[in-house]
$ cat data-v3.cif   # mmCIF, C-alpha atoms
data_entry
loop_
_atom_site.label_atom_id
_atom_site.label_comp_id
_atom_site.auth_asym_id
_atom_site.auth_seq_id
_atom_site.Cartn_x
_atom_site.Cartn_y
_atom_site.Cartn_z
CA MET E 1 -6.00 14.44 28.75
CA ARG E 2 -3.65 13.73 25.85
CA GLU E 3 -3.46 16.47 23.20
CA PHE E 4 -1.71 16.80 19.85
CA VAL E 5 -1.10 20.06 17.98
CA LEU E 6 -0.21 20.14 14.29
CA TYR E 7 1.19 23.49 13.19
CA SER E 8 0.34 23.67 9.48
CA ARG E 9 2.23 26.46 7.69
CA LEU E 10 0.13 26.45 4.56
CA GLY E 11 -3.13 24.73 5.58
CA ARG E 12 -6.01 26.43 3.77
CA THR E 13 -8.29 28.52 6.00
CA ASP E 14 -11.48 28.45 3.94
CA SER E 15 -13.41 25.75 2.09
CA SER E 16 -12.46 26.67 -1.48
CA PHE E 17 -10.04 23.86 -2.33
CA GLY E 18 -9.96 21.03 -4.85
CA SER E 19 -8.34 18.27 -2.82
CA LEU E 20 -6.93 18.10 0.72
CA HIS E 21 -3.43 17.76 -0.76
CA ASP E 22 -3.85 20.97 -2.76
CA ALA E 23 -5.27 22.80 0.28
CA GLY E 24 -1.78 23.48 1.69
CA ARG E 25 -1.36 19.79 2.61
CA LEU E 26 -4.52 19.39 4.66
CA ASP E 27 -4.03 15.69 3.79
CA ILE E 28 -1.34 15.75 6.49
CA ALA E 29 -3.87 17.19 8.95
CA TYR E 30 -6.27 14.40 7.96
CA GLU E 31 -3.62 11.71 8.58
CA CYS E 32 -2.83 13.26 11.97
CA ILE E 33 -6.53 13.33 12.91
CA VAL E 34 -6.83 9.60 12.24
CA ALA E 35 -3.56 8.81 14.05
CA SER E 36 -4.62 10.88 17.09
CA LEU E 37 -8.21 9.81 17.53
CA PHE E 38 -8.89 6.41 16.00
CA LEU E 39 -8.47 2.89 17.27
CA SER E 40 -9.90 -0.03 15.30
CA HIS E 41 -13.70 0.43 15.51
CA ALA E 42 -13.35 3.00 18.32
CA ILE E 43 -12.50 6.63 19.06
CA ARG E 44 -10.06 7.65 21.78
CA LYS E 45 -12.21 9.56 24.24
CA ASP E 46 -9.21 10.97 26.13
CA VAL E 47 -7.55 12.67 23.16
CA ILE E 48 -7.95 16.16 21.68
CA PHE E 49 -6.36 17.03 18.34
CA HIS E 50 -5.64 20.62 17.32
CA ALA E 51 -4.64 21.92 13.89
CA LEU E 52 -3.30 25.46 13.64
CA LEU E 53 -3.88 26.41 10.00
CA SER E 54 -1.73 29.30 8.82
CA GLY E 55 -2.44 29.31 5.10
CA PRO E 56 -4.57 31.68 2.99
CA PRO E 57 -6.96 33.41 2.99
CA VAL E 58 -7.73 34.18 6.68
CA PRO E 59 -5.06 32.74 9.03
CA PRO E 60 -4.99 31.64 11.71
CA VAL E 61 -7.75 29.08 12.01
CA HIS E 62 -7.63 26.77 15.02
CA LEU E 63 -9.45 23.45 14.56
CA ARG E 64 -10.13 21.52 17.75
CA ILE E 65 -11.33 17.92 17.46
CA GLU E 66 -12.36 16.25 20.68
CA GLY E 67 -12.55 12.45 20.90
CA ALA E 68 -15.10 12.55 23.72
CA THR E 69 -17.78 14.26 21.62
CA LEU E 70 -16.77 13.40 18.03
CA HIS E 71 -19.56 11.68 16.07
CA ASP E 72 -20.54 10.66 12.53
CA VAL E 73 -17.00 9.93 11.39
CA ARG E 74 -15.01 7.19 9.67
CA THR E 75 -11.29 6.90 9.02
CA ASP E 76 -11.31 7.37 5.25
CA GLN E 77 -10.08 10.49 3.50
CA GLN E 78 -13.34 11.22 1.60
CA THR E 79 -15.20 11.49 4.91
CA TRP E 80 -12.67 13.93 6.34
CA GLU E 81 -12.43 15.97 3.15
CA ARG E 82 -16.21 16.49 3.48
CA ILE E 83 -15.99 17.33 7.19
CA LEU E 84 -13.04 19.75 6.86
CA ARG E 85 -14.72 21.49 3.91
CA LYS E 86 -17.90 21.83 5.97
CA VAL E 87 -16.17 23.16 9.08
CA LEU E 88 -13.87 25.54 7.16
CA GLY E 89 -16.98 26.78 5.34
CA GLY E 90 -18.48 27.96 8.61
CA HIS E 91 -20.72 24.97 9.36
CA THR E 92 -20.60 22.69 12.40
CA HIS E 93 -19.86 19.02 13.08
CA PRO E 94 -20.26 17.23 16.45
CA GLY E 95 -16.95 17.30 18.35
CA ILE E 96 -15.24 19.85 16.09
CA ALA E 97 -14.78 23.55 16.75
CA ALA E 98 -13.13 26.18 14.56
CA ASP E 99 -12.04 29.52 15.97
CA LYS E 100 -9.39 32.23 15.62
CA THR E 101 -7.20 31.20 18.58
CA SER E 102 -3.52 31.64 17.76
CA PHE E 103 -0.86 29.01 18.45
CA GLU E 104 0.65 31.28 21.07
CA ALA E 105 -2.68 31.84 22.87
CA LEU E 106 -3.48 28.12 22.78
CA LEU E 107 -0.19 27.11 24.42
CA LYS E 108 -0.34 29.90 26.96
CA SER E 109 -3.89 29.02 28.05
CA LYS E 110 -3.05 25.30 28.38
CA VAL E 111 -0.05 25.97 30.57
CA GLU E 112 -1.62 28.68 32.70
CA ALA E 113 -5.14 27.32 33.16
CA PHE E 114 -4.52 23.55 33.07
CA GLN E 115 -0.83 23.11 33.97
CA THR E 116 -0.49 21.02 30.80
CA ALA E 117 3.05 19.79 30.09
CA ILE E 118 4.09 20.81 26.56
CA TYR E 119 6.45 18.70 24.43
CA VAL E 120 7.95 19.67 21.08
CA LEU E 121 8.97 16.74 18.89
CA GLU E 122 12.50 17.18 17.63
CA GLU E 123 15.19 14.75 16.55
CA LYS E 124 17.70 16.28 18.95
CA GLY E 125 15.40 16.34 21.97
CA ARG E 126 15.58 14.03 24.97
CA ASN E 127 14.83 10.43 24.01
CA ILE E 128 11.21 9.63 24.82
CA PHE E 129 12.20 6.30 26.39
CA LYS E 130 14.15 8.29 28.97
CA THR E 131 11.41 10.85 29.58
CA GLU E 132 8.70 10.68 32.18
CA VAL E 133 5.90 12.16 30.13
CA SER E 134 3.04 13.74 32.06
CA GLU E 135 -0.45 12.21 31.72
CA ASN E 136 -1.68 15.75 31.10
CA ALA E 137 0.41 16.38 28.02
CA MET E 138 0.30 18.32 24.76
CA PHE E 139 2.60 17.29 21.90
CA VAL E 140 3.49 19.89 19.24
CA LEU E 141 4.38 18.79 15.70
CA GLY E 142 5.21 20.55 12.46
CA ASP E 143 3.99 19.58 8.99
CA HIS E 144 6.22 18.25 6.18
CA ILE E 145 8.35 21.43 6.31
CA GLY E 146 8.67 21.53 10.09
CA LEU E 147 7.90 24.21 12.66
CA PRO E 148 8.78 27.80 11.73
CA LYS E 149 11.67 29.00 13.91
CA THR E 150 9.63 31.76 15.58
CA VAL E 151 6.87 29.28 16.44
CA GLU E 152 9.37 26.79 17.84
CA ASN E 153 11.11 29.48 19.87
CA PHE E 154 7.79 30.55 21.36
CA ALA E 155 6.83 26.97 22.18
CA LEU E 156 10.17 26.36 23.89
CA ARG E 157 9.35 29.01 26.49
CA TYR E 158 6.94 26.41 27.85
CA ALA E 159 8.01 23.12 26.30
CA GLU E 160 10.56 20.38 26.60
CA LYS E 161 12.08 18.95 23.40
CA ILE E 162 11.60 15.19 23.08
CA SER E 163 12.82 12.83 20.39
CA LEU E 164 11.52 9.58 18.94
CA GLY E 165 14.98 8.69 17.66
CA LYS E 166 17.03 9.27 14.56
CA GLN E 167 14.55 8.43 11.82
CA PRO E 168 12.58 11.34 10.31
CA TYR E 169 9.04 10.05 10.83
CA LEU E 170 5.94 11.45 9.15
CA ALA E 171 3.89 13.68 11.48
CA ALA E 172 1.06 11.14 11.65
CA SER E 173 3.54 8.34 12.42
CA CYS E 174 4.91 10.39 15.34
CA ILE E 175 1.40 10.64 16.77
CA THR E 176 0.74 6.90 16.35
CA ILE E 177 4.03 6.14 18.09
CA ILE E 178 3.38 8.53 20.98
CA ASN E 179 -0.14 7.16 21.49
CA TYR E 180 1.36 3.66 21.58
CA LEU E 181 4.16 4.52 24.00
CA MET E 182 1.67 6.29 26.30
CA ASP E 183 -0.78 3.34 26.08
CA SER E 184 2.07 0.96 26.91
CA LYS E 185 3.24 3.17 29.77
CA VAL E 186 6.76 3.08 28.33
CA CYS E 187 7.37 6.79 28.77
CA ARG E 188 5.71 7.41 32.09
CA MET T 189 14.61 -7.52 5.21
CA ARG T 190 11.46 -6.38 7.00
CA GLU T 191 8.18 -7.44 5.38
CA PHE T 192 4.52 -6.73 6.09
CA VAL T 193 1.57 -8.71 4.72
CA LEU T 194 -1.98 -7.36 4.74
CA TYR T 195 -4.59 -10.06 4.15
CA SER T 196 -7.51 -8.15 2.64
CA ARG T 197 -10.72 -10.23 2.62
CA LEU T 198 -12.62 -8.05 0.21
CA GLY T 199 -9.92 -6.02 -1.61
CA ARG T 200 -10.97 -5.57 -5.24
CA THR T 201 -8.91 -7.56 -7.75
CA ASP T 202 -9.46 -5.46 -10.86
CA SER T 203 -9.41 -1.73 -11.62
CA SER T 204 -13.15 -1.11 -11.91
CA PHE T 205 -13.84 0.76 -8.68
CA GLY T 206 -15.09 4.21 -7.75
CA SER T 207 -12.99 4.96 -4.67
CA LEU T 208 -10.44 2.95 -2.70
CA HIS T 209 -12.92 2.74 0.19
CA ASP T 210 -15.57 1.20 -2.06
CA ALA T 211 -13.04 -1.23 -3.56
CA GLY T 212 -13.36 -3.63 -0.60
CA ARG T 213 -11.48 -1.19 1.67
CA LEU T 214 -8.38 -0.76 -0.47
CA ASP T 215 -8.07 2.49 1.51
CA ILE T 216 -6.78 0.28 4.33
CA ALA T 217 -4.19 -1.21 1.95
CA TYR T 218 -3.19 2.36 1.01
CA GLU T 219 -2.74 3.35 4.66
CA CYS T 220 -0.64 0.23 5.27
CA ILE T 221 1.54 0.99 2.23
CA VAL T 222 2.34 4.45 3.59
CA ALA T 223 2.94 3.13 7.13
CA SER T 224 5.25 0.39 5.83
CA LEU T 225 7.35 2.26 3.32
CA PHE T 226 7.45 5.98 4.05
CA LEU T 227 9.56 8.12 6.30
CA SER T 228 9.41 11.91 6.07
CA HIS T 229 10.87 12.72 2.63
CA ALA T 230 12.27 9.19 2.25
CA ILE T 231 11.37 5.61 1.42
CA ARG T 232 12.43 2.66 3.57
CA LYS T 233 14.73 0.67 1.28
CA ASP T 234 14.75 -2.37 3.56
CA VAL T 235 10.98 -2.93 3.63
CA ILE T 236 8.67 -4.94 1.36
CA PHE T 237 4.90 -4.63 1.66
CA HIS T 238 2.53 -7.32 0.42
CA ALA T 239 -1.24 -7.12 0.01
CA LEU T 240 -3.17 -10.33 -0.54
CA LEU T 241 -6.40 -9.22 -2.18
CA SER T 242 -9.21 -11.75 -1.92
CA GLY T 243 -12.16 -9.76 -3.25
CA PRO T 244 -13.97 -9.98 -6.60
CA PRO T 245 -13.66 -10.58 -9.50
CA VAL T 246 -10.46 -12.69 -9.79
CA PRO T 247 -8.95 -13.50 -6.35
CA PRO T 248 -6.29 -13.89 -5.25
CA VAL T 249 -4.12 -10.99 -6.39
CA HIS T 250 -0.78 -10.58 -4.63
CA LEU T 251 0.63 -7.04 -4.72
CA ARG T 252 4.29 -6.73 -3.78
CA ILE T 253 5.72 -3.25 -3.18
CA GLU T 254 9.45 -3.06 -2.67
CA GLY T 255 11.00 0.01 -1.01
CA ALA T 256 14.36 -0.54 -2.72
CA THR T 257 12.97 -0.04 -6.24
CA LEU T 258 9.80 2.01 -5.64
CA HIS T 259 9.73 5.28 -7.61
CA ASP T 260 7.40 8.09 -8.66
CA VAL T 261 5.33 8.03 -5.48
CA ARG T 262 4.02 10.38 -2.83
CA THR T 263 2.16 9.66 0.40
CA ASP T 264 -1.24 11.07 -0.56
CA GLN T 265 -4.27 8.92 -1.32
CA GLN T 266 -4.92 10.31 -4.82
CA THR T 267 -1.46 9.18 -5.92
CA TRP T 268 -2.02 5.67 -4.61
CA GLU T 269 -5.55 5.42 -5.98
CA ARG T 270 -4.02 6.12 -9.42
CA ILE T 271 -1.18 3.63 -8.90
CA LEU T 272 -3.40 0.82 -7.57
CA ARG T 273 -5.89 1.36 -10.39
CA LYS T 274 -3.04 1.17 -12.90
CA VAL T 275 -1.45 -1.96 -11.43
CA LEU T 276 -4.79 -3.77 -10.93
CA GLY T 277 -5.61 -2.87 -14.54
CA GLY T 278 -2.62 -4.87 -15.76
CA HIS T 279 -0.12 -2.01 -16.15
CA THR T 280 3.22 -1.63 -14.39
CA HIS T 281 4.79 0.80 -11.90
CA PRO T 282 8.44 0.81 -10.75
CA GLY T 283 8.80 -1.26 -7.57
CA ILE T 284 5.35 -2.86 -7.72
CA ALA T 285 4.49 -6.35 -8.95
CA ALA T 286 1.08 -8.03 -9.18
CA ASP T 287 0.76 -11.79 -9.54
CA LYS T 288 -1.46 -14.71 -8.58
CA THR T 289 0.63 -16.01 -5.66
CA SER T 290 -1.63 -17.24 -2.85
CA PHE T 291 -1.15 -16.31 0.82
CA GLU T 292 -0.23 -19.91 1.57
CA ALA T 293 2.38 -20.08 -1.23
CA LEU T 294 3.87 -16.73 -0.19
CA LEU T 295 4.39 -17.78 3.43
CA LYS T 296 5.71 -21.22 2.50
CA SER T 297 8.27 -19.80 0.06
CA LYS T 298 9.49 -17.21 2.58
CA VAL T 299 10.02 -19.80 5.29
CA GLU T 300 11.53 -22.47 3.07
CA ALA T 301 13.71 -20.38 0.77
CA PHE T 302 14.67 -17.49 3.05
CA GLN T 303 14.21 -18.79 6.61
CA THR T 304 12.06 -15.73 7.26
CA ALA T 305 10.53 -15.59 10.75
CA ILE T 306 6.75 -15.12 10.49
CA TYR T 307 4.74 -13.20 13.10
CA VAL T 308 0.96 -12.93 13.29
CA LEU T 309 -0.32 -9.86 15.13
CA GLU T 310 -2.89 -10.82 17.72
CA GLU T 311 -4.01 -9.26 20.95
CA LYS T 312 -3.41 -12.47 22.88
CA GLY T 313 0.05 -13.17 21.46
CA ARG T 314 3.35 -12.75 23.27
CA ASN T 315 4.02 -9.10 24.13
CA ILE T 316 6.36 -7.61 21.53
CA PHE T 317 8.46 -5.97 24.26
CA LYS T 318 9.27 -9.47 25.51
CA THR T 319 9.96 -10.91 22.07
CA GLU T 320 13.29 -11.07 20.32
CA VAL T 321 12.08 -10.36 16.80
CA SER T 322 14.29 -11.58 13.96
CA GLU T 323 15.83 -9.00 11.62
CA ASN T 324 14.56 -11.15 8.75
CA ALA T 325 10.89 -10.93 9.68
CA MET T 326 7.48 -10.95 8.05
CA PHE T 327 4.49 -9.56 9.96
CA VAL T 328 0.98 -10.73 9.01
CA LEU T 329 -2.04 -8.49 9.61
CA GLY T 330 -5.73 -8.66 8.87
CA ASP T 331 -7.93 -5.84 7.60
CA HIS T 332 -10.73 -4.19 9.61
CA ILE T 333 -12.52 -7.56 9.97
CA GLY T 334 -9.41 -9.52 10.93
CA LEU T 335 -7.82 -12.66 9.50
CA PRO T 336 -10.18 -15.44 8.40
CA LYS T 337 -9.80 -18.44 10.76
CA THR T 338 -8.52 -20.77 8.00
CA VAL T 339 -5.89 -18.23 6.96
CA GLU T 340 -4.78 -17.70 10.55
CA ASN T 341 -4.60 -21.43 11.18
CA PHE T 342 -2.43 -21.88 8.10
CA ALA T 343 -0.15 -19.03 9.12
CA LEU T 344 0.28 -20.45 12.60
CA ARG T 345 1.93 -23.57 11.17
CA TYR T 346 4.89 -21.25 10.57
CA ALA T 347 4.27 -18.21 12.72
CA GLU T 348 4.48 -16.97 16.27
CA LYS T 349 1.64 -14.83 17.64
CA ILE T 350 2.81 -11.47 18.93
CA SER T 351 0.84 -8.68 20.57
CA LEU T 352 1.18 -4.91 20.69
CA GLY T 353 -0.91 -4.75 23.85
CA LYS T 354 -4.57 -4.46 24.75
CA GLN T 355 -5.71 -1.65 22.48
CA PRO T 356 -7.25 -2.65 19.14
CA TYR T 357 -5.03 -0.64 16.78
CA LEU T 358 -5.76 0.05 13.12
CA ALA T 359 -3.74 -2.17 10.76
CA ALA T 360 -1.66 0.79 9.55
CA SER T 361 -0.99 1.87 13.15
CA CYS T 362 0.30 -1.64 13.93
CA ILE T 363 2.78 -1.33 11.07
CA THR T 364 3.94 2.14 12.17
CA ILE T 365 4.46 0.83 15.70
CA ILE T 366 6.39 -2.26 14.57
CA ASN T 367 8.61 -0.19 12.28
CA TYR T 368 9.31 2.12 15.22
CA LEU T 369 10.05 -0.66 17.71
CA MET T 370 12.37 -2.35 15.18
CA ASP T 371 14.11 0.99 14.41
CA SER T 372 14.56 1.59 18.14
CA LYS T 373 15.82 -1.96 18.68
CA VAL T 374 13.27 -2.40 21.45
CA CYS T 375 12.15 -5.84 20.34
CA ARG T 376 15.45 -7.37 19.30
#

$ encode --input "data-v3.cif" --output "C-alpha cells"
Amino acid sequence: MREFVLYSRLGRTDSSFGSLHDAGRLDIAYECIVASLFLSHAIRKDVIFHALLSGPPVPPVHLRIEGATLHDVRTDQQTWERILRKVLGGHTHPGIAADKTSFEALLKSKVEAFQTAIYVLEEKGRNIFKTEVSENAMFVLGDHIGLPKTVENFALRYAEKISLGKQPYLAASCITIINYLMDSKVCR
Amino acid sequence: MREFVLYSRLGRTDSSFGSLHDAGRLDIAYECIVASLFLSHAIRKDVIFHALLSGPPVPPVHLRIEGATLHDVRTDQQTWERILRKVLGGHTHPGIAADKTSFEALLKSKVEAFQTAIYVLEEKGRNIFKTEVSENAMFVLGDHIGLPKTVENFALRYAEKISLGKQPYLAASCITIINYLMDSKVCR
C-alpha cells in the first residue's frame, strides 16, 4: 500500500466555510487528493490519502480516503468541495472516513501494526533517486507553511527524511512526483 | 525556455460560462497552468504555457501565459476562473495574451523561428528516461479526450513522440512530472 499524509495546520474541521481556500486552505487538501488518487479516467486502488486537519473549531479531524473503495467522484474542485463539506458535516461518502485520530496515533499505529516505512519530505533529506523506498510506504507532507516543528520531530522518531531536490514544489506536485517515481520503479 | 501546450478540444472561447468545468473543461486548463508555472511560493520564470481552445463560439483562441511577466496570481481555482473569464472577455492581465493563432501556426513558428524541439506525449512514444530532451523544448498534450488525430498528425511533422510510461496520467500530472524530470536533469 502507498499512503500520503497531508498535515494541514489550519484546515477547517467543520462544514461551515465559504470556499475551500477560505477553509484554512482545504484547496491544498483537494489538490493533494487528486494528485494521490487519480489517473486519467481511473482511480489508484493501491493508494490511501490522509489529511490531518488541525484548524478550528474541533481539531484534530483525520480524513482517510481509500482508492480501493472510493466512488462517485470526479477530479474537479466543485465535486470535492461538496464531498468535503458533506463529510466534515458528519455525513458519509463511499471510501471516505472522518475520525478523531491524531497525527501521532496514526503514525504509531502504521509503524507498529503494519511495519509501514515512514518518509518525511524535506529539501535536505536523502535524495529520492538514491533511496530504496519500501513498497509499503507512507509519505508525510506539510501544507503551504510546512510541518510544525513538534509534528516533524515526532514523525522523525519513525521516519526517514527524503528529498525531491532543490526546488520548493507544491504539496500536490510532490505527491504526483512520488507516485510517478514509484510507478516507474526509479526509487525502489 | 520550457513550453507546454494544451490542446483543448472543447475549451470555451468566450467568457459566458458558469464554471470552468462546464466551459468545455477549462478546469483542466487551470490545472495545467498551475502545474506548468507554480512552485511553492514562486513562479517559474523560464516556462511559458499555451492553451489552444477549440470550443464554441469563436475557435481557435490561443492563450499564452508567460512565467517571466505573470503577476497578481495565486494557485487556487477561484483566482484562475476570474482571470480566464476576464481574458476571454477581451480584457488583459499581466503575463497573459489571447490571440487567434492556430495550433499549426504556433508549432510552425516555434520550429522555424526558434528551433524549438517539439515533443508529443504519448504512451507508445520513446521513454523519457531514454530521451535527451532539449533545453529549448515544447511539450504538446491533449485534454481528457486526447489529441484529435489530424492535430496529432500535424504535430508529428515536427515532433518526436515521448512517453512517461504505461500509466494514463492526467494532463496536469504529465506537466508536473516533466517539470520535475527536467529540473532533476534526468532526461537531458

$ closest_residue --input "data-v3.cif" --among "E:His50, E:Leu10, E:Ile118, E:Lys124" --to "Gly24 of chain E" --atoms "all atoms listed in the file"
E:Leu10

$ calpha_fit_and_write --input "data-v3.cif" --fixed "chain T" --moving "chain E" --output "compact mmCIF listing (two decimals) with C-alpha atoms, in the frame of the given file"
# COMPACT_ATOMS: atom_id res chain seq x y z
CA MET E 1 14.61 -7.53 5.21
CA ARG E 2 11.46 -6.39 7.01
CA GLU E 3 8.18 -7.44 5.38
CA PHE E 4 4.52 -6.73 6.09
CA VAL E 5 1.57 -8.72 4.72
CA LEU E 6 -1.97 -7.35 4.74
CA TYR E 7 -4.58 -10.04 4.16
CA SER E 8 -7.52 -8.16 2.63
CA ARG E 9 -10.72 -10.24 2.60
CA LEU E 10 -12.62 -8.05 0.20
CA GLY E 11 -9.93 -6.02 -1.61
CA ARG E 12 -10.98 -5.57 -5.24
CA THR E 13 -8.91 -7.55 -7.75
CA ASP E 14 -9.45 -5.44 -10.86
CA SER E 15 -9.40 -1.72 -11.62
CA SER E 16 -13.15 -1.12 -11.92
CA PHE E 17 -13.84 0.75 -8.68
CA GLY E 18 -15.09 4.21 -7.76
CA SER E 19 -13.01 4.96 -4.68
CA LEU E 20 -10.44 2.96 -2.70
CA HIS E 21 -12.92 2.74 0.19
CA ASP E 22 -15.57 1.21 -2.07
CA ALA E 23 -13.03 -1.23 -3.57
CA GLY E 24 -13.37 -3.63 -0.61
CA ARG E 25 -11.48 -1.20 1.67
CA LEU E 26 -8.39 -0.76 -0.47
CA ASP E 27 -8.07 2.50 1.52
CA ILE E 28 -6.78 0.27 4.33
CA ALA E 29 -4.19 -1.20 1.95
CA TYR E 30 -3.19 2.35 1.00
CA GLU E 31 -2.74 3.36 4.66
CA CYS E 32 -0.65 0.23 5.27
CA ILE E 33 1.54 0.99 2.23
CA VAL E 34 2.34 4.45 3.59
CA ALA E 35 2.93 3.13 7.13
CA SER E 36 5.25 0.38 5.83
CA LEU E 37 7.34 2.26 3.32
CA PHE E 38 7.44 5.98 4.04
CA LEU E 39 9.56 8.11 6.30
CA SER E 40 9.40 11.90 6.06
CA HIS E 41 10.86 12.72 2.61
CA ALA E 42 12.27 9.18 2.25
CA ILE E 43 11.36 5.59 1.42
CA ARG E 44 12.44 2.65 3.56
CA LYS E 45 14.72 0.67 1.29
CA ASP E 46 14.74 -2.38 3.57
CA VAL E 47 10.98 -2.94 3.63
CA ILE E 48 8.67 -4.95 1.36
CA PHE E 49 4.90 -4.63 1.68
CA HIS E 50 2.53 -7.33 0.42
CA ALA E 51 -1.25 -7.11 0.01
CA LEU E 52 -3.17 -10.34 -0.54
CA LEU E 53 -6.41 -9.21 -2.19
CA SER E 54 -9.22 -11.74 -1.92
CA GLY E 55 -12.16 -9.76 -3.26
CA PRO E 56 -13.98 -9.98 -6.61
CA PRO E 57 -13.66 -10.58 -9.48
CA VAL E 58 -10.45 -12.67 -9.80
CA PRO E 59 -8.94 -13.51 -6.37
CA PRO E 60 -6.29 -13.89 -5.27
CA VAL E 61 -4.12 -11.01 -6.39
CA HIS E 62 -0.79 -10.58 -4.62
CA LEU E 63 0.63 -7.04 -4.72
CA ARG E 64 4.29 -6.74 -3.79
CA ILE E 65 5.71 -3.26 -3.19
CA GLU E 66 9.44 -3.06 -2.67
CA GLY E 67 10.99 0.00 -1.01
CA ALA E 68 14.35 -0.54 -2.71
CA THR E 69 12.97 -0.04 -6.22
CA LEU E 70 9.79 2.00 -5.64
CA HIS E 71 9.74 5.27 -7.61
CA ASP E 72 7.40 8.10 -8.66
CA VAL E 73 5.33 8.03 -5.49
CA ARG E 74 4.03 10.39 -2.82
CA THR E 75 2.16 9.67 0.40
CA ASP E 76 -1.24 11.07 -0.57
CA GLN E 77 -4.27 8.93 -1.31
CA GLN E 78 -4.92 10.33 -4.83
CA THR E 79 -1.46 9.19 -5.92
CA TRP E 80 -2.01 5.67 -4.61
CA GLU E 81 -5.54 5.42 -5.97
CA ARG E 82 -4.01 6.13 -9.41
CA ILE E 83 -1.18 3.62 -8.90
CA LEU E 84 -3.40 0.81 -7.56
CA ARG E 85 -5.90 1.34 -10.39
CA LYS E 86 -3.04 1.18 -12.90
CA VAL E 87 -1.46 -1.95 -11.43
CA LEU E 88 -4.79 -3.77 -10.94
CA GLY E 89 -5.60 -2.87 -14.55
CA GLY E 90 -2.62 -4.86 -15.77
CA HIS E 91 -0.11 -2.02 -16.15
CA THR E 92 3.23 -1.63 -14.39
CA HIS E 93 4.78 0.80 -11.90
CA PRO E 94 8.45 0.81 -10.75
CA GLY E 95 8.81 -1.26 -7.57
CA ILE E 96 5.35 -2.86 -7.73
CA ALA E 97 4.49 -6.34 -8.94
CA ALA E 98 1.09 -8.02 -9.18
CA ASP E 99 0.76 -11.77 -9.53
CA LYS E 100 -1.46 -14.72 -8.59
CA THR E 101 0.61 -16.01 -5.65
CA SER E 102 -1.63 -17.23 -2.84
CA PHE E 103 -1.15 -16.32 0.82
CA GLU E 104 -0.23 -19.91 1.56
CA ALA E 105 2.39 -20.08 -1.23
CA LEU E 106 3.87 -16.73 -0.19
CA LEU E 107 4.39 -17.80 3.44
CA LYS E 108 5.69 -21.21 2.49
CA SER E 109 8.26 -19.80 0.05
CA LYS E 110 9.49 -17.21 2.58
CA VAL E 111 10.02 -19.80 5.28
CA GLU E 112 11.53 -22.48 3.06
CA ALA E 113 13.72 -20.39 0.76
CA PHE E 114 14.68 -17.49 3.04
CA GLN E 115 14.22 -18.80 6.60
CA THR E 116 12.06 -15.73 7.27
CA ALA E 117 10.53 -15.59 10.76
CA ILE E 118 6.75 -15.12 10.49
CA TYR E 119 4.74 -13.20 13.11
CA VAL E 120 0.96 -12.93 13.30
CA LEU E 121 -0.32 -9.86 15.13
CA GLU E 122 -2.89 -10.82 17.73
CA GLU E 123 -4.01 -9.25 20.98
CA LYS E 124 -3.41 -12.47 22.88
CA GLY E 125 0.04 -13.16 21.45
CA ARG E 126 3.35 -12.75 23.27
CA ASN E 127 4.02 -9.11 24.13
CA ILE E 128 6.36 -7.61 21.54
CA PHE E 129 8.47 -5.97 24.26
CA LYS E 130 9.28 -9.46 25.51
CA THR E 131 9.97 -10.90 22.06
CA GLU E 132 13.29 -11.07 20.31
CA VAL E 133 12.08 -10.36 16.80
CA SER E 134 14.29 -11.58 13.97
CA GLU E 135 15.83 -8.99 11.62
CA ASN E 136 14.56 -11.17 8.77
CA ALA E 137 10.90 -10.95 9.69
CA MET E 138 7.48 -10.96 8.05
CA PHE E 139 4.49 -9.56 9.97
CA VAL E 140 0.98 -10.73 9.00
CA LEU E 141 -2.03 -8.47 9.60
CA GLY E 142 -5.73 -8.67 8.87
CA ASP E 143 -7.93 -5.84 7.60
CA HIS E 144 -10.74 -4.19 9.61
CA ILE E 145 -12.51 -7.57 9.97
CA GLY E 146 -9.41 -9.53 10.93
CA LEU E 147 -7.82 -12.66 9.50
CA PRO E 148 -10.17 -15.45 8.40
CA LYS E 149 -9.79 -18.43 10.74
CA THR E 150 -8.51 -20.77 8.01
CA VAL E 151 -5.89 -18.22 6.96
CA GLU E 152 -4.78 -17.69 10.56
CA ASN E 153 -4.60 -21.43 11.18
CA PHE E 154 -2.43 -21.87 8.11
CA ALA E 155 -0.14 -19.01 9.12
CA LEU E 156 0.28 -20.45 12.61
CA ARG E 157 1.93 -23.56 11.16
CA TYR E 158 4.89 -21.26 10.57
CA ALA E 159 4.27 -18.21 12.74
CA GLU E 160 4.49 -16.98 16.28
CA LYS E 161 1.64 -14.83 17.64
CA ILE E 162 2.83 -11.45 18.93
CA SER E 163 0.85 -8.68 20.58
CA LEU E 164 1.19 -4.91 20.70
CA GLY E 165 -0.92 -4.76 23.86
CA LYS E 166 -4.56 -4.47 24.75
CA GLN E 167 -5.70 -1.66 22.48
CA PRO E 168 -7.24 -2.65 19.13
CA TYR E 169 -5.02 -0.64 16.78
CA LEU E 170 -5.77 0.05 13.13
CA ALA E 171 -3.75 -2.16 10.77
CA ALA E 172 -1.67 0.79 9.55
CA SER E 173 -1.00 1.87 13.15
CA CYS E 174 0.31 -1.64 13.93
CA ILE E 175 2.78 -1.32 11.07
CA THR E 176 3.94 2.15 12.17
CA ILE E 177 4.45 0.83 15.70
CA ILE E 178 6.38 -2.25 14.58
CA ASN E 179 8.61 -0.18 12.28
CA TYR E 180 9.31 2.12 15.24
CA LEU E 181 10.04 -0.66 17.71
CA MET E 182 12.37 -2.34 15.18
CA ASP E 183 14.10 1.00 14.41
CA SER E 184 14.55 1.58 18.14
CA LYS E 185 15.82 -1.96 18.66
CA VAL E 186 13.28 -2.40 21.46
CA CYS E 187 12.17 -5.84 20.33
CA ARG E 188 15.45 -7.34 19.25

$ resolve_selection --input "data-v3.cif" --expression "the PyMOL selection byres ((chain E) within 9 of (chain T))" --output "list in words"
Ser19, His21, Asp27, Ile28, Ala35, Phe38, Leu39, Ser40, His41, Ala42, Asp76, Gln77, Gln78, His144, Leu164, Gly165, Lys166, Gln167, Pro168, Tyr169, Leu170, Ala171, Ser173, Cys174, Thr176, Ile177, Tyr180, Asp183 and Ser184 of chain E

$ closest_residue --input "data-v3.cif" --among "T:Trp268, T:Phe342, T:Phe327, T:Tyr195" --to "Glu292 of chain T" --atoms "all atoms listed in the file"
T:Phe342

$ resolve_selection --input "data-v3.cif" --expression "the PyMOL selection byres ((chain T and resi 282) around 6)" --output "list of chain:residue names"
T:Leu258, T:His259, T:His281, T:Gly283, T:Ile284
